[in-house]
$ cat input15.cif   # mmCIF, C-alpha atoms and all ligand atoms
data_protein
loop_
_atom_site.label_atom_id
_atom_site.label_comp_id
_atom_site.auth_asym_id
_atom_site.auth_seq_id
_atom_site.Cartn_x
_atom_site.Cartn_y
_atom_site.Cartn_z
CA MET A 10 59.23 176.75 182.26
CA GLU A 11 55.72 178.19 181.97
CA THR A 12 55.81 181.86 180.90
CA LYS A 13 53.05 183.85 182.59
CA VAL A 14 51.61 186.83 180.69
CA VAL A 15 50.17 189.73 182.71
CA ILE A 16 48.13 192.25 180.72
CA ILE A 17 48.26 195.80 182.04
CA ASP A 18 45.52 198.37 181.55
CA ARG A 19 47.45 201.59 181.00
CA ALA A 20 44.46 203.67 182.04
CA LEU A 21 44.95 202.32 185.56
CA ILE A 22 48.35 200.83 186.35
CA ARG A 23 47.82 198.76 189.51
CA ASP A 24 50.63 197.69 191.84
CA ASP A 25 48.97 194.35 192.54
CA GLN A 26 49.45 193.42 188.86
CA LEU A 27 53.18 194.24 189.01
CA LEU A 28 54.11 192.87 192.45
CA GLU A 29 54.63 189.29 191.28
CA GLY A 30 56.96 190.40 188.46
CA ALA A 31 58.83 192.68 190.87
CA ALA A 32 59.36 189.75 193.27
CA ILE A 33 60.62 187.52 190.42
CA LEU A 34 63.15 190.22 189.48
CA ARG A 35 64.29 190.68 193.08
CA LYS A 36 64.82 186.92 193.47
CA GLY A 37 66.98 186.64 190.33
CA GLY A 38 64.37 185.59 187.70
CA LEU A 39 63.58 187.03 184.26
CA VAL A 40 60.64 189.33 183.45
CA ALA A 41 60.06 191.02 180.08
CA PHE A 42 58.40 194.45 180.25
CA PRO A 43 57.48 197.36 177.98
CA THR A 44 59.55 200.53 177.76
CA GLU A 45 58.96 203.58 175.53
CA THR A 46 61.60 202.28 173.05
CA VAL A 47 61.29 198.47 172.77
CA TYR A 48 60.40 195.62 175.16
CA GLY A 49 63.18 194.76 177.61
CA LEU A 50 64.18 191.42 179.14
CA GLY A 51 64.75 192.29 182.78
CA ALA A 52 66.90 190.79 185.53
CA ASN A 53 68.46 192.12 188.76
CA ALA A 54 71.49 194.13 187.52
CA LEU A 55 73.39 193.53 190.79
CA ASP A 56 73.03 189.73 190.65
CA PRO A 57 75.67 188.01 188.45
CA GLU A 58 73.62 184.79 188.20
CA ALA A 59 70.57 186.73 186.98
CA ALA A 60 72.67 188.46 184.29
CA LYS A 61 73.90 185.04 183.11
CA LYS A 62 70.28 183.90 182.70
CA ILE A 63 69.67 186.82 180.32
CA TYR A 64 72.53 185.73 178.05
CA ALA A 65 71.20 182.16 178.07
CA ALA A 66 67.58 183.14 177.31
CA LYS A 67 68.60 185.42 174.44
CA GLY A 68 71.36 183.19 173.09
CA ARG A 69 73.51 186.31 173.39
CA PRO A 70 77.32 186.42 173.59
CA SER A 71 78.30 187.27 177.17
CA ASP A 72 80.79 189.98 176.12
CA ASN A 73 77.83 192.10 175.08
CA PRO A 74 77.07 194.40 178.05
CA LEU A 75 73.58 195.10 179.41
CA ILE A 76 71.84 198.40 180.20
CA ALA A 77 70.85 198.90 183.86
CA HIS A 78 67.39 200.51 184.12
CA ILE A 79 66.50 202.65 187.14
CA GLY A 80 63.18 203.99 188.41
CA GLN A 81 64.47 207.24 189.88
CA ARG A 82 67.50 209.50 189.66
CA SER A 83 68.75 208.63 193.16
CA ASP A 84 69.15 204.95 192.14
CA LEU A 85 72.10 206.00 189.98
CA GLU A 86 74.53 206.48 192.89
CA VAL A 87 74.92 202.78 193.68
CA LEU A 88 75.81 201.96 190.06
CA VAL A 89 78.46 204.54 189.20
CA LYS A 90 81.84 205.67 190.48
CA GLU A 91 81.37 209.28 189.35
CA ILE A 92 79.00 211.40 187.30
CA PRO A 93 80.82 213.50 184.68
CA GLU A 94 79.43 217.01 184.03
CA ALA A 95 78.15 216.12 180.54
CA GLY A 96 76.26 213.21 182.11
CA ARG A 97 74.60 215.54 184.60
CA LYS A 98 73.43 217.89 181.86
CA LEU A 99 72.12 215.10 179.64
CA MET A 100 70.26 213.42 182.52
CA LYS A 101 68.66 216.70 183.47
CA ALA A 102 67.52 217.32 179.90
CA TYR A 103 66.40 213.84 178.81
CA TRP A 104 65.71 211.57 181.80
CA PRO A 105 63.35 209.89 182.13
CA GLY A 106 63.43 208.99 178.44
CA PRO A 107 65.10 207.15 175.57
CA LEU A 108 68.71 208.02 176.48
CA THR A 109 71.31 205.58 177.85
CA LEU A 110 74.49 207.01 179.37
CA ILE A 111 77.79 205.18 179.87
CA PHE A 112 79.49 205.90 183.23
CA PRO A 113 82.50 204.48 185.08
CA LYS A 114 81.00 201.59 187.05
CA SER A 115 80.96 201.15 190.82
CA SER A 116 82.15 197.94 192.48
CA ALA A 117 78.50 197.02 193.17
CA VAL A 118 77.93 196.27 189.48
CA PRO A 119 79.12 192.77 188.54
CA TYR A 120 81.20 192.21 185.39
CA GLU A 121 78.51 189.75 184.27
CA THR A 122 76.25 192.79 183.77
CA THR A 123 78.85 194.94 181.99
CA GLY A 124 80.30 192.19 179.79
CA GLY A 125 83.64 192.55 181.56
CA LEU A 126 83.87 196.33 181.10
CA ASP A 127 84.72 198.91 183.81
CA THR A 128 81.88 201.10 182.55
CA VAL A 129 78.14 200.67 183.03
CA ALA A 130 75.25 201.73 180.77
CA VAL A 131 72.31 203.28 182.65
CA ARG A 132 68.90 204.44 181.53
CA MET A 133 65.80 205.74 183.28
CA PRO A 134 62.77 204.84 181.12
CA SER A 135 59.79 207.16 180.92
CA ASP A 136 57.30 204.33 180.38
CA LEU A 137 55.15 204.26 183.52
CA VAL A 138 54.79 200.46 183.60
CA ALA A 139 58.59 200.07 183.41
CA LYS A 140 59.12 202.74 186.03
CA ARG A 141 56.68 201.24 188.52
CA LEU A 142 57.93 197.68 187.99
CA ILE A 143 61.54 198.78 188.66
CA GLU A 144 60.49 200.77 191.74
CA LEU A 145 58.58 197.80 193.15
CA ALA A 146 61.50 195.44 192.43
CA GLY A 147 63.70 197.72 194.52
CA VAL A 148 66.80 196.85 192.47
CA PRO A 149 68.27 198.26 189.23
CA VAL A 150 67.05 196.12 186.33
CA ALA A 151 69.44 195.01 183.59
CA ALA A 152 67.44 194.77 180.38
CA PRO A 153 68.51 194.14 176.83
CA SER A 154 65.86 194.13 174.13
CA ALA A 155 63.66 191.06 174.71
CA ASN A 156 64.37 189.33 171.38
CA THR A 157 66.39 186.24 170.59
CA SER A 158 69.88 187.50 169.77
CA GLY A 159 70.06 188.60 166.11
CA ARG A 160 66.30 188.96 165.58
CA PRO A 161 64.53 192.32 165.25
CA SER A 162 63.82 193.96 168.64
CA PRO A 163 60.29 193.38 170.00
CA THR A 164 57.82 196.25 169.92
CA THR A 165 54.80 194.28 171.17
CA ALA A 166 54.32 191.63 173.86
CA ASP A 167 53.44 189.14 171.08
CA HIS A 168 56.93 189.59 169.60
CA VAL A 169 58.41 188.83 173.03
CA TYR A 170 56.18 185.76 173.35
CA GLU A 171 57.37 184.49 169.94
CA ASP A 172 61.01 184.63 171.04
CA MET A 173 60.86 184.00 174.81
CA ASN A 174 57.93 181.71 175.57
CA GLY A 175 59.15 178.92 177.85
CA ARG A 176 62.48 180.66 178.54
CA ILE A 177 61.45 183.32 181.08
CA GLU A 178 59.13 183.52 184.08
CA MET A 179 56.88 186.39 183.00
CA ILE A 180 55.93 188.85 180.26
CA VAL A 181 54.30 192.12 181.35
CA ASP A 182 52.11 193.15 178.39
CA GLY A 183 51.66 196.92 178.28
CA GLY A 184 50.60 197.11 174.62
CA PRO A 185 52.66 198.32 171.65
CA VAL A 186 55.60 200.65 172.41
CA GLY A 187 55.63 204.30 171.38
CA ILE A 188 59.06 204.87 169.81
CA GLY A 189 60.01 201.53 168.27
CA VAL A 190 63.83 201.86 168.07
CA GLU A 191 66.20 201.39 171.01
CA SER A 192 67.50 204.24 173.15
CA THR A 193 70.24 206.63 172.10
CA ILE A 194 73.55 205.62 173.75
CA VAL A 195 76.09 208.28 174.74
CA ASP A 196 79.44 207.57 176.42
CA VAL A 197 80.18 210.40 178.86
CA THR A 198 83.37 208.92 180.32
CA GLY A 199 85.71 210.77 177.90
CA SER A 200 86.53 214.48 177.48
CA VAL A 201 83.97 214.78 174.66
CA PRO A 202 80.67 212.84 174.89
CA MET A 203 80.43 210.23 172.14
CA LEU A 204 77.28 208.97 170.41
CA LEU A 205 77.49 205.16 170.21
CA ARG A 206 73.96 204.36 169.03
CA PRO A 207 71.47 206.84 167.50
CA GLY A 208 67.91 206.89 168.84
CA ALA A 209 64.99 209.20 169.58
CA VAL A 210 67.18 211.66 171.50
CA THR A 211 68.79 212.97 168.32
CA LEU A 212 72.34 214.22 167.70
CA GLU A 213 70.99 217.74 167.41
CA MET A 214 69.25 217.45 170.81
CA LEU A 215 72.49 216.18 172.38
CA CYS A 216 74.52 219.03 170.87
CA ASP A 217 71.95 221.57 172.10
CA THR A 218 72.57 220.33 175.64
CA VAL A 219 76.34 219.72 175.79
CA GLY A 220 77.76 221.52 172.75
CA GLN A 221 80.23 219.22 171.08
CA VAL A 222 79.36 215.51 170.60
CA ALA A 223 81.62 213.05 168.79
CA VAL A 224 80.01 210.32 166.68
CA ASP A 225 81.41 206.79 166.72
CA PRO A 226 82.61 206.22 163.12
CA ALA A 227 80.71 202.93 163.08
CA VAL A 228 77.50 204.97 163.49
CA ALA A 229 78.14 207.90 161.14
CA LYS A 230 77.55 206.22 157.79
CA PRO A 231 79.57 203.04 157.48
CA MET A 232 79.34 201.18 154.19
CA SER A 233 80.64 197.95 155.69
CA ALA A 234 80.79 196.03 158.93
CA GLU A 235 84.59 196.46 158.91
CA ILE A 236 84.54 199.54 161.15
CA LYS A 237 84.31 198.18 164.69
CA PRO A 238 81.74 199.98 166.85
CA LYS A 239 82.54 201.10 170.40
CA ALA A 240 79.27 199.76 171.85
CA PRO A 241 80.17 196.05 171.86
CA GLY A 242 76.64 194.96 170.99
CA MET A 243 76.56 197.04 167.82
CA LYS A 244 79.13 194.77 166.17
CA TYR A 245 76.79 191.79 165.92
CA ARG A 246 74.50 191.22 162.94
CA HIS A 247 71.40 192.64 164.43
CA TYR A 248 67.78 193.43 163.85
CA ALA A 249 68.04 191.04 160.98
CA PRO A 250 65.17 189.38 159.14
CA LYS A 251 65.85 185.83 157.93
CA ALA A 252 65.88 186.83 154.25
CA GLU A 253 68.80 188.54 152.55
CA MET A 254 68.06 192.26 152.50
CA PHE A 255 69.26 195.06 150.21
CA LEU A 256 68.85 198.82 150.71
CA CYS A 257 68.22 200.82 147.55
CA GLU A 258 69.47 204.38 147.47
CA GLY A 259 68.38 206.81 144.75
CA SER A 260 65.40 208.90 143.66
CA SER A 261 62.02 207.42 144.49
CA GLN A 262 61.19 206.80 140.84
CA ALA A 263 64.54 205.11 140.12
CA VAL A 264 64.23 202.90 143.20
CA VAL A 265 60.70 201.78 142.27
CA SER A 266 61.76 200.85 138.71
CA TYR A 267 64.89 199.07 139.89
CA ILE A 268 63.02 197.00 142.46
CA ASN A 269 60.28 196.08 139.99
CA GLN A 270 62.94 194.89 137.51
CA GLU A 271 64.62 192.85 140.22
CA ALA A 272 61.24 191.40 141.23
CA LYS A 273 60.76 190.02 137.71
CA LYS A 274 64.21 188.42 137.74
CA LYS A 275 63.75 186.89 141.18
CA ARG A 276 60.39 185.47 140.19
CA GLN A 277 62.02 183.74 137.22
CA GLU A 278 64.55 182.27 139.64
CA GLY A 279 61.61 180.98 141.70
CA LYS A 280 62.29 183.29 144.65
CA ARG A 281 59.78 185.18 146.78
CA LEU A 282 60.51 188.91 146.94
CA GLY A 283 59.52 191.33 149.70
CA VAL A 284 59.59 195.12 149.44
CA LEU A 285 59.84 197.50 152.38
CA ALA A 286 57.87 200.45 151.03
CA THR A 287 56.14 203.56 152.39
CA GLU A 288 52.56 204.82 152.26
CA GLN A 289 53.68 207.00 149.34
CA THR A 290 55.04 204.13 147.21
CA ARG A 291 53.33 200.89 148.26
CA GLU A 292 50.98 200.87 145.24
CA ALA A 293 53.89 201.21 142.80
CA TYR A 294 55.52 197.83 143.43
CA GLN A 295 54.85 194.48 141.80
CA ALA A 296 56.34 191.99 144.26
CA ASP A 297 55.13 189.01 146.29
CA VAL A 298 54.95 190.87 149.61
CA VAL A 299 54.86 194.69 149.77
CA LEU A 300 54.77 196.16 153.29
CA SER A 301 54.53 199.84 154.16
CA VAL A 302 56.68 200.86 157.12
CA GLY A 303 54.86 204.20 157.52
CA SER A 304 54.51 207.59 155.92
CA ARG A 305 57.50 209.58 154.64
CA GLU A 306 55.82 212.56 156.26
CA SER A 307 56.40 211.06 159.74
CA GLU A 308 59.77 209.63 160.77
CA GLU A 309 58.08 208.66 164.04
CA SER A 310 55.66 206.36 162.24
CA ILE A 311 58.54 204.71 160.34
CA ALA A 312 60.58 204.12 163.53
CA ARG A 313 57.52 202.70 165.33
CA HIS A 314 56.82 200.07 162.67
CA LEU A 315 60.33 199.21 161.47
CA PHE A 316 61.02 196.09 163.55
CA GLU A 317 57.43 194.87 163.23
CA VAL A 318 57.69 195.00 159.44
CA LEU A 319 61.01 193.11 159.49
CA ARG A 320 59.33 190.39 161.56
CA LYS A 321 56.39 190.26 159.11
CA PHE A 322 58.80 189.49 156.27
CA ASP A 323 59.98 186.49 158.30
CA GLU A 324 56.39 185.31 158.69
CA ALA A 325 55.75 185.77 154.97
CA GLU A 326 58.81 183.61 154.25
CA VAL A 327 60.29 185.82 151.55
CA ASP A 328 63.74 184.94 150.18
CA VAL A 329 64.94 188.47 149.41
CA ILE A 330 63.90 191.90 150.70
CA TYR A 331 64.48 195.20 148.92
CA SER A 332 64.07 198.31 151.04
CA GLU A 333 63.76 202.00 150.37
CA CYS A 334 66.17 204.36 152.18
CA PHE A 335 65.45 207.41 154.33
CA GLY A 336 67.10 210.76 155.10
CA GLU A 337 69.71 210.72 157.89
CA GLY A 338 68.43 213.79 159.79
CA ALA A 339 66.87 213.64 163.28
CA LEU A 340 65.28 210.22 163.89
CA GLY A 341 66.35 209.22 160.34
CA MET A 342 69.86 208.56 161.65
CA ALA A 343 68.50 205.84 163.96
CA ILE A 344 66.22 204.41 161.25
CA MET A 345 69.05 204.14 158.70
CA ASN A 346 71.46 202.76 161.34
CA ARG A 347 69.06 199.88 162.07
CA LEU A 348 68.23 199.31 158.40
CA ARG A 349 71.92 199.16 157.41
CA LYS A 350 72.59 196.58 160.08
CA ALA A 351 69.48 194.57 159.16
CA ALA A 352 70.75 194.52 155.57
CA GLY A 353 74.26 193.49 156.61
CA TYR A 354 75.46 196.77 154.94
CA ARG A 355 74.28 195.69 151.47
CA VAL A 356 73.42 199.00 149.78
CA VAL A 357 72.61 199.34 146.06
CA GLN A 358 73.17 202.78 144.51
CA VAL A 359 70.35 202.98 142.00
CA GLU A 360 71.31 205.14 139.03
CA GLU A 361 68.80 207.24 137.12
CA ALA A 362 69.84 205.17 134.07
CA ALA A 363 68.01 202.25 135.58
CA VAL A 364 64.75 204.15 135.03
CA VAL A 365 65.52 204.77 131.36
CA GLY A 366 66.59 201.12 130.95
CA SER A 367 63.34 199.83 132.36
CA GLU A 368 61.24 201.90 129.97
CA LYS A 369 62.77 200.54 126.79
O1 LIG A 401 66.05 201.14 174.40
C1 LIG A 401 66.86 200.38 174.92
O2 LIG A 401 67.98 200.75 175.25
C2 LIG A 401 66.41 198.93 175.16
C3 LIG A 401 65.31 198.96 176.21
C4 LIG A 401 64.90 197.59 176.66
O3 LIG A 401 65.66 199.78 177.28
N1 LIG A 401 67.51 198.11 175.54
C5 LIG A 401 68.48 197.74 174.67
O4 LIG A 401 69.44 196.89 175.18
O5 LIG A 401 68.52 198.11 173.52
P1 LIG A 401 70.40 196.03 174.26
O6 LIG A 401 71.10 195.12 175.20
O7 LIG A 401 69.66 195.40 173.16
O8 LIG A 401 71.46 197.05 173.74
C6 LIG A 401 72.41 197.57 174.61
C7 LIG A 401 73.53 198.21 173.84
C8 LIG A 401 74.47 197.19 173.24
O9 LIG A 401 74.82 197.61 171.92
C9 LIG A 401 75.67 197.25 174.18
O10 LIG A 401 76.85 196.90 173.56
C10 LIG A 401 75.67 198.71 174.60
O11 LIG A 401 74.31 198.98 174.78
N2 LIG A 401 76.34 198.89 175.90
C11 LIG A 401 75.94 198.45 177.11
N3 LIG A 401 76.86 198.73 178.05
C12 LIG A 401 77.87 199.39 177.43
C13 LIG A 401 79.10 199.94 177.88
N4 LIG A 401 79.48 199.87 179.14
N5 LIG A 401 79.89 200.54 176.95
C14 LIG A 401 79.50 200.61 175.63
N6 LIG A 401 78.34 200.10 175.18
C15 LIG A 401 77.54 199.49 176.05
MG MG A 402 69.15 194.54 171.35
#
$ encode --input "input15.cif" --output "C-alpha cells"
Amino acid sequence: METKVVIIDRALIRDDQLLEGAAILRKGGLVAFPTETVYGLGANALDPEAAKKIYAAKGRPSDNPLIAHIGQRSDLEVLVKEIPEAGRKLMKAYWPGPLTLIFPKSSAVPYETTGGLDTVAVRMPSDLVAKRLIELAGVPVAAPSANTSGRPSPTTADHVYEDMNGRIEMIVDGGPVGIGVESTIVDVTGSVPMLLRPGAVTLEMLCDTVGQVAVDPAVAKPMSAEIKPKAPGMKYRHYAPKAEMFLCEGSSQAVVSYINQEAKKKRQEGKRLGVLATEQTREAYQADVVLSVGSRESEESIARHLFEVLRKFDEAEVDVIYSECFGEGALGMAIMNRLRKAAGYRVVQVEEAAVVGSEK
C-alpha cells in the first residue's frame, strides 16, 4: 500500500486538504493525524473491521482497547450508556484537551474497539487539525498512538512514517506536537474517579475539579512490572528504545559520577553507551551518545522531547542507555511513568558514596 502524506499549513487549515483523509476514515481505512499529545492512528470507532486493521498495522495485541476521539461534545452520546457526574465535571473543565475518560459503553461501540470491555475510552482533542478531520469524517475516530506496538510514541509525522509507511492509507502531517506524552486517562465508572495514566492534565488539576481521585497502584510509583495496571495497554513493555535502559536516582553530582564510571566499564566491554541528560548536565558526561531531553527548569520541554530522544538512541545504535530521573510533581508524574516503563522498571539508587569512590 502506498502511504500518502498530506502536509498541513497550520496558519490556514483548509478543508480541501482534509476531505480525502476524512473519506478514508469513513470508509474504514487508516489515517494517522496529529493531536496535541502524540500522533494518533485513526480508524472509524464504530466499524469493527476498521478497528482490526489498527491492531494489524501496529502489531498490537487485540485485548488492548482503543480511545475513541470526538470532534464535539454532542458526539459523546452515541458512544456511552451514561455520563457519571464526575465525568461531566471533568469534561467541562478539560475538554477539549489531553484528558481521556472511561465511560460505560453503548451498544453502538463494537468490542473490537474496546478490546472486549464493556467500557469505552473517549477523548476530545484540542488540536485543530484533529478536530476538523474528525468533524469532516462524521464518525468517532478510534486512535491509538501511531507507533509500532512497543516503540516510543510518535511526536512528529516523520516518526509515524518510520513505523507506518506502507501499512496505512494516509499520514496528515501537522508538524511536531505540543505536549509530547499521551493523554491523562481517568476511569469515571466507579464511585471515586481513578487515574489510570498520568498526563498533562495533572493529578492536582483533577483533584481541584472533582475532589478525591484514586491512583491506580501501577501508576503511583511501582518498582516492578508485577503490579498489574487497570488500563490494559499499560501492562505492555512500552515506549521502549531498543537498548537496555537504566534510570539513575540520586543527587545530580552522584548520578553524573556513577554514569561516567559505568561508561568507562561499558567501553572496556566494547559496548556503546547513551546518556539521557538535561541542558544542565549534558556537558558533564563522557559517553558515546549524550542527548539532552530538555531543561530541568521546564517540565514541558522534557515531556515534549522525551519520545523523540528515545527514538534517537535507537538511530544511534547504542547498547545501553543511562537516564537521569525527574521529580514526580505535576507533569513529572507522567514523565517518570513513561521513563520507568521505557526502562522496564530498572532503577539504580545511586549512593553518595559512589561520588567519593570515583574521586579516589
Ligand atoms: O494522547 C492519547 O491518548 C493518544 C492520542 C493519539 O490521542 N492516544 C493513545 O492511545 O495514547 P493508546 O492506544 O496508545 O493508549 C490508550 C490507552 C491504553 O493504555 C489502553 O489500555 C487504555 O488507553 N484504555 C483504552 N480503553 C480503556 C478502557 N475501556 N478501560 C481502561 N483503559 C482503557
Ligand atoms: Mg500507545
$ closest_atom_pairs --input "input15.cif" --of "stretch 214-316 of chain A" --to "stretch 187-204 of chain A" --cutoff "9 Å" --atoms "only C-alpha atoms" --output "Markdown table"
| residue | atom | partner | partner_atom | distance |
| --- | --- | --- | --- | --- |
| A:Leu215 | CA | A:Leu204 | CA | 8.9 |
| A:Val219 | CA | A:Pro202 | CA | 8.2 |
| A:Gln221 | CA | A:Val201 | CA | 6.8 |
| A:Val222 | CA | A:Pro202 | CA | 5.2 |
| A:Ala223 | CA | A:Met203 | CA | 4.5 |
| A:Val224 | CA | A:Leu204 | CA | 4.8 |
| A:Asp225 | CA | A:Leu204 | CA | 6.0 |
| A:Val228 | CA | A:Leu204 | CA | 8.0 |
| A:Ala240 | CA | A:Ile194 | CA | 8.4 |
| A:Glu309 | CA | A:Ile188 | CA | 7.0 |
| A:Ser310 | CA | A:Ile188 | CA | 8.4 |
| A:Ile311 | CA | A:Gly189 | CA | 8.7 |
| A:Ala312 | CA | A:Gly189 | CA | 5.4 |
| A:Arg313 | CA | A:Gly189 | CA | 4.0 |
| A:His314 | CA | A:Gly189 | CA | 6.6 |
| A:Leu315 | CA | A:Gly189 | CA | 7.2 |
| A:Phe316 | CA | A:Gly189 | CA | 7.3 |
$ axis_aligned_box --input "input15.cif" --around "ligand LIG 401 (chain A)" --padding-each-side "3 Å" --output "lines of an AutoDock Vina configuration file"
center_x = 72.4
center_y = 198.1
center_z = 175.5
size_x = 21.0
size_y = 12.0
size_z = 13.2
$ closest_atom_pairs --input "input15.cif" --of "stretch 183-291 of chain A" --to "stretch 327-330 of chain A" --cutoff "8 Å" --atoms "only C-alpha atoms" --output "Markdown table"
| residue | atom | partner | partner_atom | distance |
| --- | --- | --- | --- | --- |
| A:Ala252 | CA | A:Asp328 | CA | 5.0 |
| A:Glu253 | CA | A:Val329 | CA | 5.0 |
| A:Met254 | CA | A:Ile330 | CA | 4.5 |
| A:Phe255 | CA | A:Ile330 | CA | 6.2 |
| A:Lys280 | CA | A:Asp328 | CA | 6.0 |
| A:Arg281 | CA | A:Val327 | CA | 4.8 |
| A:Leu282 | CA | A:Val329 | CA | 5.1 |
| A:Gly283 | CA | A:Ile330 | CA | 4.5 |
| A:Val284 | CA | A:Ile330 | CA | 5.5 |
| A:Leu285 | CA | A:Ile330 | CA | 7.1 |
$ closest_atom_pairs --input "input15.cif" --of "chain A" --to "ligand LIG 401 (chain A)" --cutoff "8 Å" --atoms "all atoms listed in the file" --output "tab-separated table"
residue	atom	partner	partner_atom	distance
A:Pro43	CA	A:LIG401	C4	7.5
A:Thr44	CA	A:LIG401	C3	6.2
A:Glu45	CA	A:LIG401	O1	7.6
A:Thr46	CA	A:LIG401	O1	4.8
A:Val47	CA	A:LIG401	C3	5.3
A:Tyr48	CA	A:LIG401	C4	5.1
A:Gly49	CA	A:LIG401	C4	3.4
A:Leu50	CA	A:LIG401	C4	6.7
A:Asn73	CA	A:LIG401	O10	5.1
A:Pro74	CA	A:LIG401	C11	4.3
A:Leu75	CA	A:LIG401	C11	4.7
A:Ile76	CA	A:LIG401	C11	5.1
A:His78	CA	A:LIG401	O3	7.1
A:Pro107	CA	A:LIG401	O1	6.2
A:Leu108	CA	A:LIG401	O2	7.4
A:Thr109	CA	A:LIG401	O2	6.4
A:Ile111	CA	A:LIG401	N4	5.6
A:Phe112	CA	A:LIG401	N4	7.3
A:Thr123	CA	A:LIG401	N4	5.7
A:Gly124	CA	A:LIG401	N3	7.6
A:Leu126	CA	A:LIG401	N4	6.0
A:Asp127	CA	A:LIG401	N4	7.1
A:Thr128	CA	A:LIG401	N4	4.3
A:Val129	CA	A:LIG401	N4	4.2
A:Ala130	CA	A:LIG401	N3	4.4
A:Val131	CA	A:LIG401	N3	7.9
A:Arg132	CA	A:LIG401	O3	7.1
A:Pro134	CA	A:LIG401	O3	7.0
A:Ala152	CA	A:LIG401	C4	5.3
A:Pro153	CA	A:LIG401	O6	3.2
A:Ser154	CA	A:LIG401	O7	4.1
A:Ala155	CA	A:LIG401	C4	6.9
A:Ser162	CA	A:LIG401	O7	7.5
A:Val190	CA	A:LIG401	O1	6.7
A:Glu191	CA	A:LIG401	O1	3.4
A:Ser192	CA	A:LIG401	O1	3.6
A:Thr193	CA	A:LIG401	O2	7.0
A:Ile194	CA	A:LIG401	O11	6.8
A:Asp196	CA	A:LIG401	C14	7.0
A:Leu205	CA	A:LIG401	N6	7.1
A:Arg206	CA	A:LIG401	O9	7.4
A:Lys239	CA	A:LIG401	C14	6.1
A:Ala240	CA	A:LIG401	N6	3.5
A:Pro241	CA	A:LIG401	O10	3.8
A:Gly242	CA	A:LIG401	O10	3.2
A:Met243	CA	A:LIG401	O9	4.5
A:Lys244	CA	A:LIG401	O9	7.7
$ write_last_selection --input "input15.cif" --atoms "C-alpha atoms" --output "compact mmCIF listing (two decimals), in the coordinates of the input"
# COMPACT_ATOMS: atom_id res chain seq x y z
CA PRO A 43 57.48 197.36 177.98
CA THR A 44 59.55 200.53 177.76
CA GLU A 45 58.96 203.58 175.53
CA THR A 46 61.60 202.28 173.05
CA VAL A 47 61.29 198.47 172.77
CA TYR A 48 60.40 195.62 175.16
CA GLY A 49 63.18 194.76 177.61
CA LEU A 50 64.18 191.42 179.14
CA ASN A 73 77.83 192.10 175.08
CA PRO A 74 77.07 194.40 178.05
CA LEU A 75 73.58 195.10 179.41
CA ILE A 76 71.84 198.40 180.20
CA HIS A 78 67.39 200.51 184.12
CA PRO A 107 65.10 207.15 175.57
CA LEU A 108 68.71 208.02 176.48
CA THR A 109 71.31 205.58 177.85
CA ILE A 111 77.79 205.18 179.87
CA PHE A 112 79.49 205.90 183.23
CA THR A 123 78.85 194.94 181.99
CA GLY A 124 80.30 192.19 179.79
CA LEU A 126 83.87 196.33 181.10
CA ASP A 127 84.72 198.91 183.81
CA THR A 128 81.88 201.10 182.55
CA VAL A 129 78.14 200.67 183.03
CA ALA A 130 75.25 201.73 180.77
CA VAL A 131 72.31 203.28 182.65
CA ARG A 132 68.90 204.44 181.53
CA PRO A 134 62.77 204.84 181.12
CA ALA A 152 67.44 194.77 180.38
CA PRO A 153 68.51 194.14 176.83
CA SER A 154 65.86 194.13 174.13
CA ALA A 155 63.66 191.06 174.71
CA SER A 162 63.82 193.96 168.64
CA VAL A 190 63.83 201.86 168.07
CA GLU A 191 66.20 201.39 171.01
CA SER A 192 67.50 204.24 173.15
CA THR A 193 70.24 206.63 172.10
CA ILE A 194 73.55 205.62 173.75
CA ASP A 196 79.44 207.57 176.42
CA LEU A 205 77.49 205.16 170.21
CA ARG A 206 73.96 204.36 169.03
CA LYS A 239 82.54 201.10 170.40
CA ALA A 240 79.27 199.76 171.85
CA PRO A 241 80.17 196.05 171.86
CA GLY A 242 76.64 194.96 170.99
CA MET A 243 76.56 197.04 167.82
CA LYS A 244 79.13 194.77 166.17
$ residues_around --input "input15.cif" --residues "A:Glu337" --least-positions-apart "2" --cutoff "12 Å" --atoms "all atoms listed in the file" --output "ChimeraX atom specification"
/A:207-208,211-213,228-230,308,334-335,339-349
$ atom_distance --input "input15.cif" --atom1 "atom CA of A:Asp182" --atom2 "atom CA of A:Asp18"
9.0 Å
$ residues_near_point --input "input15.cif" --point "(58.1, 182.5, 178.9)" --cutoff "6 Å" --atoms "all atoms listed in the file" --output "list in words"
Glu11, Thr12, Met173, Asn174, Gly175, Arg176, Ile177, Glu178 and Met179 of chain A
$ write_last_selection --input "input15.cif" --atoms "C-alpha atoms" --output "PDB file, in the frame of the given file"
ATOM      1  CA  GLU A  11      55.720 178.190 181.970  1.00  0.00           C
ATOM      2  CA  THR A  12      55.810 181.860 180.900  1.00  0.00           C
ATOM      3  CA  MET A 173      60.860 184.000 174.810  1.00  0.00           C
ATOM      4  CA  ASN A 174      57.930 181.710 175.570  1.00  0.00           C
ATOM      5  CA  GLY A 175      59.150 178.920 177.850  1.00  0.00           C
ATOM      6  CA  ARG A 176      62.480 180.660 178.540  1.00  0.00           C
ATOM      7  CA  ILE A 177      61.450 183.320 181.080  1.00  0.00           C
ATOM      8  CA  GLU A 178      59.130 183.520 184.080  1.00  0.00           C
ATOM      9  CA  MET A 179      56.880 186.390 183.000  1.00  0.00           C
TER      10      MET A 179
END
$ closest_residue --input "input15.cif" --among "A:Ile63, A:Ala263, A:Ile92, A:Ile17" --to "ligand MG 402 (chain A)" --atoms "only C-alpha atoms and all ligand atoms"
A:Ile63
$ closest_residue --input "input15.cif" --among "A:Ala227, A:Leu39, A:Ile22, A:Ala102" --to "A:Met10" --atoms "all atoms listed in the file"
A:Leu39
$ closest_residue --input "input15.cif" --among "A:Pro70, A:Lys237, A:Asp323, A:Gly259" --to "A:Gly125" --atoms "only C-alpha atoms"
A:Pro70
$ atom_distance --input "input15.cif" --atom1 "atom CA of A:Met100" --atom2 "atom CA of A:Asp217"
13.3 Å
$ atom_distance --input "input15.cif" --atom1 "atom CA of A:Val89" --atom2 "atom CA of A:Tyr120"
13.2 Å
$ residues_around --input "input15.cif" --residues "stretch 30-33 of chain A" --least-positions-apart "6" --cutoff "6 Å" --atoms "only C-alpha atoms" --output "PyMOL selection string"
chain A and resi 142+145-146
